[in-house]
Each structure stands twice: as C-alpha cells, then as structure tokens.
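Visitor: Sending over a structure as structure tokens; questions will come in a sec.
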2 protein chains.
Amino acid sequence: MINIIHRVGIKAPVAKVYAALATVEGVAGWWTKETTGTSKVGGNIDFRFLSQEGKEIGSMRAEVTELDPNKNVQWRVIAGPPEWIGTDLVFNLTQEGEYTIVLFGHKNWREAVEFTAHCSMKWATFMLSLKEFVETGKGKPAPNDIKIDNWN
Amino acid sequence: MINIIHRVGIKAPVAKVYAALATVEGVAGWWTKETTGTSKVGGNIDFRFLSQEGKEIGSMRAEVTELDPNKNVQWRVIAGPPEWIGTDLVFNLTQEGEYTIVLFGHKNWREAVEFTAHCSMKWATFMLSLKEFVETGKGKPAPNDIKIDNWN
C-alpha cells in the first residue's frame, strides 16, 4: 500500500491542535470551510470544496474511525474521488517541548499515481494551513487554499 | 522501497524550469543558497544548509545521474543523512498548456520513518519555493526556507 506522510510542528498545546482536528468547526478552519456532519466515532463528516466563485469542484465523505483525545484522529474515506475510497486519514499527536507534533498520514492508496503526487503537495499546504490556524487563529481552508498546479 | 512524490505546476516555459533544476545557480535560487559543484552527468553537487546565523545545520552531496534537457533531472545522494544515502532525487518535466508540470520524487528510501514524513513536508515547501523562484524570480532557499517543525 502507498502512504502519503507529513510531519508538522505546531507551537500550541496538544489540546488546541486536537480540537482543530476532532471538531467540524476546527476542520472548517484549515481544510475546507464547507465541512459538515458529526465528529464522533461511527459518524460521518462531509467535506465540500468550492471554487472562489462558489461552484463545487470536489467533495468527500469520511467515517470517523478513531477519536483518542489529544492523541489520535482517524477517518476512513467512504465517498469521493475513486482513488480515495477506502483510504485512511490519520492524525497522530505528541507534545515535544513547546511544539505539538502532528504525524499526518493519508494511508492505503492502492497505487502511486500522478493524483497521489498532487494530493501529497496539497496535503502539505493544508498542514501549513492547520499550523497557521492553530497558531494564529486564521488558516487557509478552501476556497482560500494555496493553488499548486493546473488541477487545483 | 518508499518514495516521496509531489506534483507542482509552474506558470512558465519548461526551459525556464529546467534551468532552475539543471544549473547550480538555479538550484541556489530555491533549495539552498549554498549550492556548489558541477551540474553535468557524473559530476557532484554539494548542498549546505545554514542557520540564519550562518551555522551549518546539514549538508548533502549528490552525483548528477541524468540531465535530459527540458525533460528530466536526476541526482543520486552519495553523502549526507544516513537515510538519504543511496536515494534518488528526480524531477520530471512536462508542459501542459501554460503550466510546466514538475513530478518530483525523492525515491528509494529503505523505510518510512518520522524523518521521511519531515522531509516530505519540507520538500513540499521547497517545491513552492521552486514555483515562486521561476514565476517571480525570488524563491525561499535555505536559510530563508519555511520552517515546519522543531527539526527545521
């Protein structure tokens, strides 16, 4: 299986980072403003991505598979791009001094395709957005996300 | 083997992107200012990373293994962090409309460790730096690189 993995350090208490990952309002602050649903184990969360003009350019649905306070958040993708279905989104948290370290994984891709490379870059920009959101209160969730190529 | 892969699109002719990858002066504009050596197949390039205060915090040496004008640049790491030795750095270029698409790979890691996740994030920020450098003339090479965690 193919995994995208990124490590980011956020200057904030682990509880604050956890809240940005384990609540719908938190995720809306760094990934996509259009985040709705129920963040509890077994619940579903919907993520919609709009263009600057308000047109939908993509969407995903994930089931929350793990919520371990201040330690771990995990989702299983159940709808969205075919390559994403059945993959896992994992956020593992540890405190190291003044940093909360996020080990992010988008795991269990069936193969490494060009879209995987696009998503790896895109996830890195969203990890920077998560860092900004927690540290400053203002992230870059879609539709204000950093554009990286001709796909988005 | 474990591969880091990123896709980035740069609004510039492919020859301009190739020059930023295939020349020492080009690489110094987006990866690390302290880039020296000989960018020809079989030649070695040295990359030194300094802190803002001018202290060396890391270095690598790579052998240039492929230079295919406007298509491909490839280096094999021969000195540096133990995890990097024997890995390959690959930049594959194609033109798509007004974009040059860079498919970047840091390939053939022996295992996926926490340092791999750090490097994946860090490479994404250097791909953004490459994009900025080619599009605007000003990148963010070390020591002005984006800091992502407590390791750098």
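Chain labels follow the order of the structure tokens: the first chain is A, the next B, and so on; residue numbering restarts at 1 in every chain, and ligands are counted from 1 in their shown order.
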Could you list the residues in chain B lying within 12 Å of chain A, using only C-alpha atoms, and format the result as a PDB file with N, CA and C atoms, in the first residue's frame?

Guide:
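And here's selection.pdb as it stands now:
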ATOM      1  N   MET B   1      10.407  -0.336  -1.640  1.00  0.00           N
ATOM      2  CA  MET B   1      11.048   0.971  -1.426  1.00  0.00           C
ATOM      3  C   MET B   1       9.986   2.058  -1.218  1.00  0.00           C
ATOM      4  N   ILE B   2      10.361   3.067  -0.467  1.00  0.00           N
ATOM      5  CA  ILE B   2       9.456   4.160  -0.119  1.00  0.00           C
ATOM      6  C   ILE B   2       9.805   5.389  -0.951  1.00  0.00           C
ATOM      7  N   ASN B   3       8.798   6.017  -1.522  1.00  0.00           N
ATOM      8  CA  ASN B   3       9.012   7.211  -2.340  1.00  0.00           C
ATOM      9  C   ASN B   3       8.183   8.381  -1.827  1.00  0.00           C
ATOM     10  N   ILE B   4       8.816   9.540  -1.733  1.00  0.00           N
ATOM     11  CA  ILE B   4       8.073  10.796  -1.565  1.00  0.00           C
ATOM     12  C   ILE B   4       7.797  11.312  -2.971  1.00  0.00           C
ATOM     13  N   ILE B   5       6.540  11.635  -3.284  1.00  0.00           N
ATOM     14  CA  ILE B   5       6.236  12.190  -4.608  1.00  0.00           C
ATOM     15  C   ILE B   5       5.357  13.437  -4.450  1.00  0.00           C
ATOM     16  N   HIS B   6       5.688  14.466  -5.226  1.00  0.00           N
ATOM     17  CA  HIS B   6       4.913  15.707  -5.224  1.00  0.00           C
ATOM     18  C   HIS B   6       4.713  16.170  -6.663  1.00  0.00           C
ATOM     19  N   ARG B   7       3.574  16.778  -6.911  1.00  0.00           N
ATOM     20  CA  ARG B   7       3.283  17.355  -8.236  1.00  0.00           C
ATOM     21  C   ARG B   7       3.048  18.851  -8.067  1.00  0.00           C
ATOM     22  N   VAL B   8       3.754  19.647  -8.860  1.00  0.00           N
ATOM     23  CA  VAL B   8       3.551  21.090  -8.797  1.00  0.00           C
ATOM     24  C   VAL B   8       3.496  21.633 -10.224  1.00  0.00           C
ATOM     25  N   GLY B   9       2.687  22.668 -10.423  1.00  0.00           N
ATOM     26  CA  GLY B   9       2.556  23.289 -11.745  1.00  0.00           C
ATOM     27  C   GLY B   9       3.086  24.711 -11.695  1.00  0.00           C
ATOM     28  N   ILE B  10       3.953  25.020 -12.629  1.00  0.00           N
ATOM     29  CA  ILE B  10       4.620  26.325 -12.642  1.00  0.00           C
ATOM     30  C   ILE B  10       4.236  27.052 -13.925  1.00  0.00           C
ATOM     31  N   LYS B  11       3.748  28.277 -13.782  1.00  0.00           N
ATOM     32  CA  LYS B  11       3.345  29.051 -14.960  1.00  0.00           C
ATOM     33  C   LYS B  11       4.579  29.644 -15.624  1.00  0.00           C
ATOM     34  N   ALA B  12       5.254  28.844 -16.412  1.00  0.00           N
ATOM     35  CA  ALA B  12       6.489  29.271 -17.085  1.00  0.00           C
ATOM     36  C   ALA B  12       6.838  28.237 -18.143  1.00  0.00           C
ATOM     37  N   ASN B  92      10.845  15.363 -13.038  1.00  0.00           N
ATOM     38  CA  ASN B  92      10.359  15.050 -14.383  1.00  0.00           C
ATOM     39  C   ASN B  92       9.473  16.198 -14.859  1.00  0.00           C
ATOM     40  N   GLN B  95       5.098  19.892 -20.297  1.00  0.00           N
ATOM     41  CA  GLN B  95       4.348  21.138 -20.500  1.00  0.00           C
ATOM     42  C   GLN B  95       2.872  20.779 -20.644  1.00  0.00           C
ATOM     43  N   GLU B  96       2.011  21.458 -19.894  1.00  0.00           N
ATOM     44  CA  GLU B  96       0.554  21.280 -20.051  1.00  0.00           C
ATOM     45  C   GLU B  96      -0.049  22.678 -20.132  1.00  0.00           C
ATOM     46  N   GLY B  97      -0.353  23.097 -21.368  1.00  0.00           N
ATOM     47  CA  GLY B  97      -0.888  24.444 -21.552  1.00  0.00           C
ATOM     48  C   GLY B  97       0.096  25.475 -21.040  1.00  0.00           C
ATOM     49  N   GLU B  98      -0.377  26.392 -20.200  1.00  0.00           N
ATOM     50  CA  GLU B  98       0.514  27.456 -19.715  1.00  0.00           C
ATOM     51  C   GLU B  98       1.389  26.993 -18.547  1.00  0.00           C
ATOM     52  N   TYR B  99       1.212  25.747 -18.112  1.00  0.00           N
ATOM     53  CA  TYR B  99       1.975  25.228 -16.976  1.00  0.00           C
ATOM     54  C   TYR B  99       3.099  24.294 -17.395  1.00  0.00           C
ATOM     55  N   THR B 100       4.206  24.366 -16.680  1.00  0.00           N
ATOM     56  CA  THR B 100       5.153  23.255 -16.685  1.00  0.00           C
ATOM     57  C   THR B 100       4.860  22.435 -15.439  1.00  0.00           C
ATOM     58  N   ILE B 101       4.581  21.155 -15.648  1.00  0.00           N
ATOM     59  CA  ILE B 101       4.294  20.271 -14.525  1.00  0.00           C
ATOM     60  C   ILE B 101       5.591  19.603 -14.083  1.00  0.00           C
ATOM     61  N   VAL B 102       5.891  19.732 -12.795  1.00  0.00           N
ATOM     62  CA  VAL B 102       7.047  19.050 -12.212  1.00  0.00           C
ATOM     63  C   VAL B 102       6.530  17.863 -11.411  1.00  0.00           C
ATOM     64  N   LEU B 103       6.970  16.672 -11.808  1.00  0.00           N
ATOM     65  CA  LEU B 103       6.724  15.497 -10.968  1.00  0.00           C
ATOM     66  C   LEU B 103       8.034  15.238 -10.238  1.00  0.00           C
ATOM     67  N   PHE B 104       7.984  15.547  -8.956  1.00  0.00           N
ATOM     68  CA  PHE B 104       9.179  15.394  -8.121  1.00  0.00           C
ATOM     69  C   PHE B 104       9.107  14.075  -7.372  1.00  0.00           C
ATOM     70  N   GLY B 105      10.241  13.406  -7.281  1.00  0.00           N
ATOM     71  CA  GLY B 105      10.306  12.207  -6.447  1.00  0.00           C
ATOM     72  C   GLY B 105      11.594  12.168  -5.652  1.00  0.00           C
ATOM     73  N   HIS B 106      11.457  11.863  -4.359  1.00  0.00           N
ATOM     74  CA  HIS B 106      12.638  11.502  -3.554  1.00  0.00           C
ATOM     75  C   HIS B 106      12.460  10.014  -3.293  1.00  0.00           C
ATOM     76  N   GLU B 111      13.099   2.744   4.342  1.00  0.00           N
ATOM     77  CA  GLU B 111      11.882   2.590   5.148  1.00  0.00           C
ATOM     78  C   GLU B 111      11.239   3.955   5.364  1.00  0.00           C
ATOM     79  N   ALA B 112       9.962   3.927   5.745  1.00  0.00           N
ATOM     80  CA  ALA B 112       9.237   5.162   6.039  1.00  0.00           C
ATOM     81  C   ALA B 112       9.359   5.448   7.531  1.00  0.00           C
ATOM     82  N   VAL B 113      10.206   6.417   7.879  1.00  0.00           N
ATOM     83  CA  VAL B 113      10.401   6.788   9.275  1.00  0.00           C
ATOM     84  C   VAL B 113       9.890   8.215   9.492  1.00  0.00           C
ATOM     85  N   GLU B 114       9.944   8.672  10.750  1.00  0.00           N
ATOM     86  CA  GLU B 114       9.436  10.015  11.042  1.00  0.00           C
ATOM     87  C   GLU B 114      10.203  11.075  10.239  1.00  0.00           C
ATOM     88  N   PHE B 115      11.479  10.837  10.016  1.00  0.00           N
ATOM     89  CA  PHE B 115      12.295  11.761   9.236  1.00  0.00           C
ATOM     90  C   PHE B 115      11.802  11.830   7.779  1.00  0.00           C
ATOM     91  N   THR B 116      11.282  10.718   7.271  1.00  0.00           N
ATOM     92  CA  THR B 116      10.702  10.718   5.915  1.00  0.00           C
ATOM     93  C   THR B 116       9.519  11.682   5.862  1.00  0.00           C
ATOM     94  N   ALA B 117       8.676  11.624   6.895  1.00  0.00           N
ATOM     95  CA  ALA B 117       7.494  12.499   6.952  1.00  0.00           C
ATOM     96  C   ALA B 117       7.919  13.970   7.044  1.00  0.00           C
ATOM     97  N   HIS B 118       8.974  14.232   7.811  1.00  0.00           N
ATOM     98  CA  HIS B 118       9.531  15.587   7.885  1.00  0.00           C
ATOM     99  C   HIS B 118      10.017  16.028   6.503  1.00  0.00           C
ATOM    100  N   CYS B 119      10.781  15.164   5.851  1.00  0.00           N
ATOM    101  CA  CYS B 119      11.347  15.523   4.537  1.00  0.00           C
ATOM    102  C   CYS B 119      10.243  15.707   3.499  1.00  0.00           C
ATOM    103  N   SER B 120       9.174  14.932   3.594  1.00  0.00           N
ATOM    104  CA  SER B 120       8.064  15.078   2.640  1.00  0.00           C
ATOM    105  C   SER B 120       7.453  16.477   2.737  1.00  0.00           C
ATOM    106  N   MET B 121       7.198  16.928   3.975  1.00  0.00           N
ATOM    107  CA  MET B 121       6.679  18.297   4.202  1.00  0.00           C
ATOM    108  C   MET B 121       7.680  19.326   3.692  1.00  0.00           C
ATOM    109  N   LYS B 122       8.927  19.117   4.048  1.00  0.00           N
ATOM    110  CA  LYS B 122       9.977  20.086   3.704  1.00  0.00           C
ATOM    111  C   LYS B 122      10.128  20.184   2.176  1.00  0.00           C
ATOM    112  N   TRP B 123      10.087  19.040   1.490  1.00  0.00           N
ATOM    113  CA  TRP B 123      10.161  19.060   0.028  1.00  0.00           C
ATOM    114  C   TRP B 123       8.983  19.831  -0.570  1.00  0.00           C
ATOM    115  N   ALA B 124       7.810  19.679   0.033  1.00  0.00           N
ATOM    116  CA  ALA B 124       6.649  20.420  -0.489  1.00  0.00           C
ATOM    117  C   ALA B 124       6.891  21.918  -0.402  1.00  0.00           C
ATOM    118  N   THR B 125       7.494  22.364   0.715  1.00  0.00           N
ATOM    119  CA  THR B 125       7.758  23.804   0.829  1.00  0.00           C
ATOM    120  C   THR B 125       8.836  24.232  -0.178  1.00  0.00           C
ATOM    121  N   PHE B 126       9.793  23.349  -0.471  1.00  0.00           N
ATOM    122  CA  PHE B 126      10.805  23.694  -1.481  1.00  0.00           C
ATOM    123  C   PHE B 126      10.206  23.671  -2.892  1.00  0.00           C
ATOM    124  N   MET B 127       9.197  22.841  -3.128  1.00  0.00           N
ATOM    125  CA  MET B 127       8.513  22.878  -4.428  1.00  0.00           C
ATOM    126  C   MET B 127       7.755  24.208  -4.588  1.00  0.00           C
ATOM    127  N   LEU B 128       7.163  24.686  -3.495  1.00  0.00           N
ATOM    128  CA  LEU B 128       6.527  26.014  -3.537  1.00  0.00           C
ATOM    129  C   LEU B 128       7.587  27.087  -3.796  1.00  0.00           C
ATOM    130  N   SER B 129       8.769  26.899  -3.198  1.00  0.00           N
ATOM    131  CA  SER B 129       9.866  27.839  -3.397  1.00  0.00           C
ATOM    132  C   SER B 129      10.343  27.821  -4.854  1.00  0.00           C
ATOM    133  N   LEU B 130      10.438  26.628  -5.432  1.00  0.00           N
ATOM    134  CA  LEU B 130      10.811  26.494  -6.852  1.00  0.00           C
ATOM    135  C   LEU B 130       9.801  27.223  -7.742  1.00  0.00           C
ATOM    136  N   LYS B 131       8.521  27.008  -7.437  1.00  0.00           N
ATOM    137  CA  LYS B 131       7.446  27.662  -8.205  1.00  0.00           C
ATOM    138  C   LYS B 131       7.572  29.193  -8.126  1.00  0.00           C
ATOM    139  N   GLU B 132       7.760  29.699  -6.915  1.00  0.00           N
ATOM    140  CA  GLU B 132       7.924  31.147  -6.720  1.00  0.00           C
ATOM    141  C   GLU B 132       9.158  31.681  -7.434  1.00  0.00           C
ATOM    142  N   ILE B 146      10.966  27.927   4.639  1.00  0.00           N
ATOM    143  CA  ILE B 146       9.826  27.866   5.561  1.00  0.00           C
ATOM    144  C   ILE B 146      10.099  26.805   6.622  1.00  0.00           C
ATOM    145  N   LYS B 147      10.017  27.199   7.886  1.00  0.00           N
ATOM    146  CA  LYS B 147      10.254  26.253   8.984  1.00  0.00           C
ATOM    147  C   LYS B 147       8.936  25.547   9.287  1.00  0.00           C
ATOM    148  N   ILE B 148       9.008  24.229   9.402  1.00  0.00           N
ATOM    149  CA  ILE B 148       7.757  23.463   9.531  1.00  0.00           C
ATOM    150  C   ILE B 148       7.581  22.761  10.855  1.00  0.00           C
ATOM    151  N   ASP B 149       8.693  22.538  11.576  1.00  0.00           N
ATOM    152  CA  ASP B 149       8.569  21.819  12.858  1.00  0.00           C
ATOM    153  C   ASP B 149       9.801  22.084  13.722  1.00  0.00           C
ATOM    154  N   ASN B 150       9.972  21.322  14.790  1.00  0.00           N
ATOM    155  CA  ASN B 150      11.094  21.538  15.712  1.00  0.00           C
ATOM    156  C   ASN B 150      12.421  20.969  15.181  1.00  0.00           C
ATOM    157  N   TRP B 151      12.364  20.339  14.038  1.00  0.00           N
ATOM    158  CA  TRP B 151      13.612  19.830  13.437  1.00  0.00           C
ATOM    159  C   TRP B 151      14.181  20.804  12.420  1.00  0.00           C
ATOM    160  N   ASN B 152      13.357  21.593  11.817  1.00  0.00           N
ATOM    161  CA  ASN B 152      13.787  22.620  10.856  1.00  0.00           C
ATOM    162  C   ASN B 152      12.538  23.195  10.161  1.00  0.00           C
TER     163      ASN B 152
END

Visitor: Wanna dump the range 2-42 of chain B-range 52-75 of chain B contacts at 12 Å for me, each residue with its shortest atom pair and the distance in Å to one decimal, counting only C-alpha atoms, ordered by chain and number, as CSV?

Guide:
residue,atom,partner,partner_atom,distance
B:Pro13,CA,B:Asn70,CA,9.3
B:Val14,CA,B:Asn70,CA,5.8
B:Ala15,CA,B:Asn70,CA,5.5
B:Lys16,CA,B:Asn70,CA,8.5
B:Val17,CA,B:Asn70,CA,7.8
B:Tyr18,CA,B:Asn70,CA,5.3
B:Ala19,CA,B:Asn70,CA,8.3
B:Ala20,CA,B:Val73,CA,10.4
B:Leu21,CA,B:Val73,CA,6.9
B:Ala22,CA,B:Val73,CA,6.5
B:Thr23,CA,B:Leu67,CA,10.2
B:Val24,CA,B:Val64,CA,11.3
B:Val27,CA,B:Val73,CA,11.6
B:Trp31,CA,B:Ser59,CA,11.9
B:Thr32,CA,B:Ser59,CA,10.0
B:Lys33,CA,B:Gly54,CA,11.5
B:Glu34,CA,B:Ser59,CA,9.4
B:Thr35,CA,B:Arg61,CA,9.8
B:Thr36,CA,B:Arg61,CA,9.7
B:Gly37,CA,B:Arg61,CA,9.3
B:Thr38,CA,B:Val64,CA,8.5
B:Ser39,CA,B:Val64,CA,6.5
B:Lys40,CA,B:Val64,CA,6.2
B:Val41,CA,B:Val64,CA,4.9
B:Gly42,CA,B:Val64,CA,5.4

Visitor: Could you tell me, as a ChimeraX atom specification, which residues of range 26-74 of chain A DSSP assigns to strand (DSSP E or B) when given the backbone?

Guide: /A:32,34-37,44-50,56-68,72-74

Visitor: Assign secondary structure with DSSP using the backbone only, and return the residues of chain B in alpha helix (DSSP H) as an MDAnalysis selection string.

Guide: chainID B and resid 14:22 24:28 114:136

Visitor: What does the distance from CA of Arg110 in chain B to CA of Thr87 in chain B come to in Å, to one decimal?

Guide: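 Spanning CA of Arg110 in chain B to CA of Thr87 in chain B is a straight-line distance of 8.4 Å.
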
Visitor: Of the candidates A:Asn44, A:Leu50, A:Val90, A:Gly26, which one gets nearest to Ala142 in chain A if we count only C-alpha atoms?

Guide: A:Leu50

Visitor: Find, counting only C-alpha atoms, the residue in A:Asp46, A:Asp145, A:Glu135, A:Glu25 that gets nearest to Arg76 in chain A.

Guide: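 That would be A:Asp46, the residue with the smallest distance to Arg76 in chain A.
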
Visitor: Find the distance between CA of Gly139 in chain A and CA of Gly86 in chain A and write it in Å to one decimal.

Guide: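 Straight-line distance from CA of Gly139 in chain A to CA of Gly86 in chain A works out to 27.6 Å.
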
Visitor: Interatomic distance between CA of Asn144 in chain B and CA of Gly80 in chain B?

Guide: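 Pair CA of Asn144 in chain B / CA of Gly80 in chain B returns 20.5 Å.
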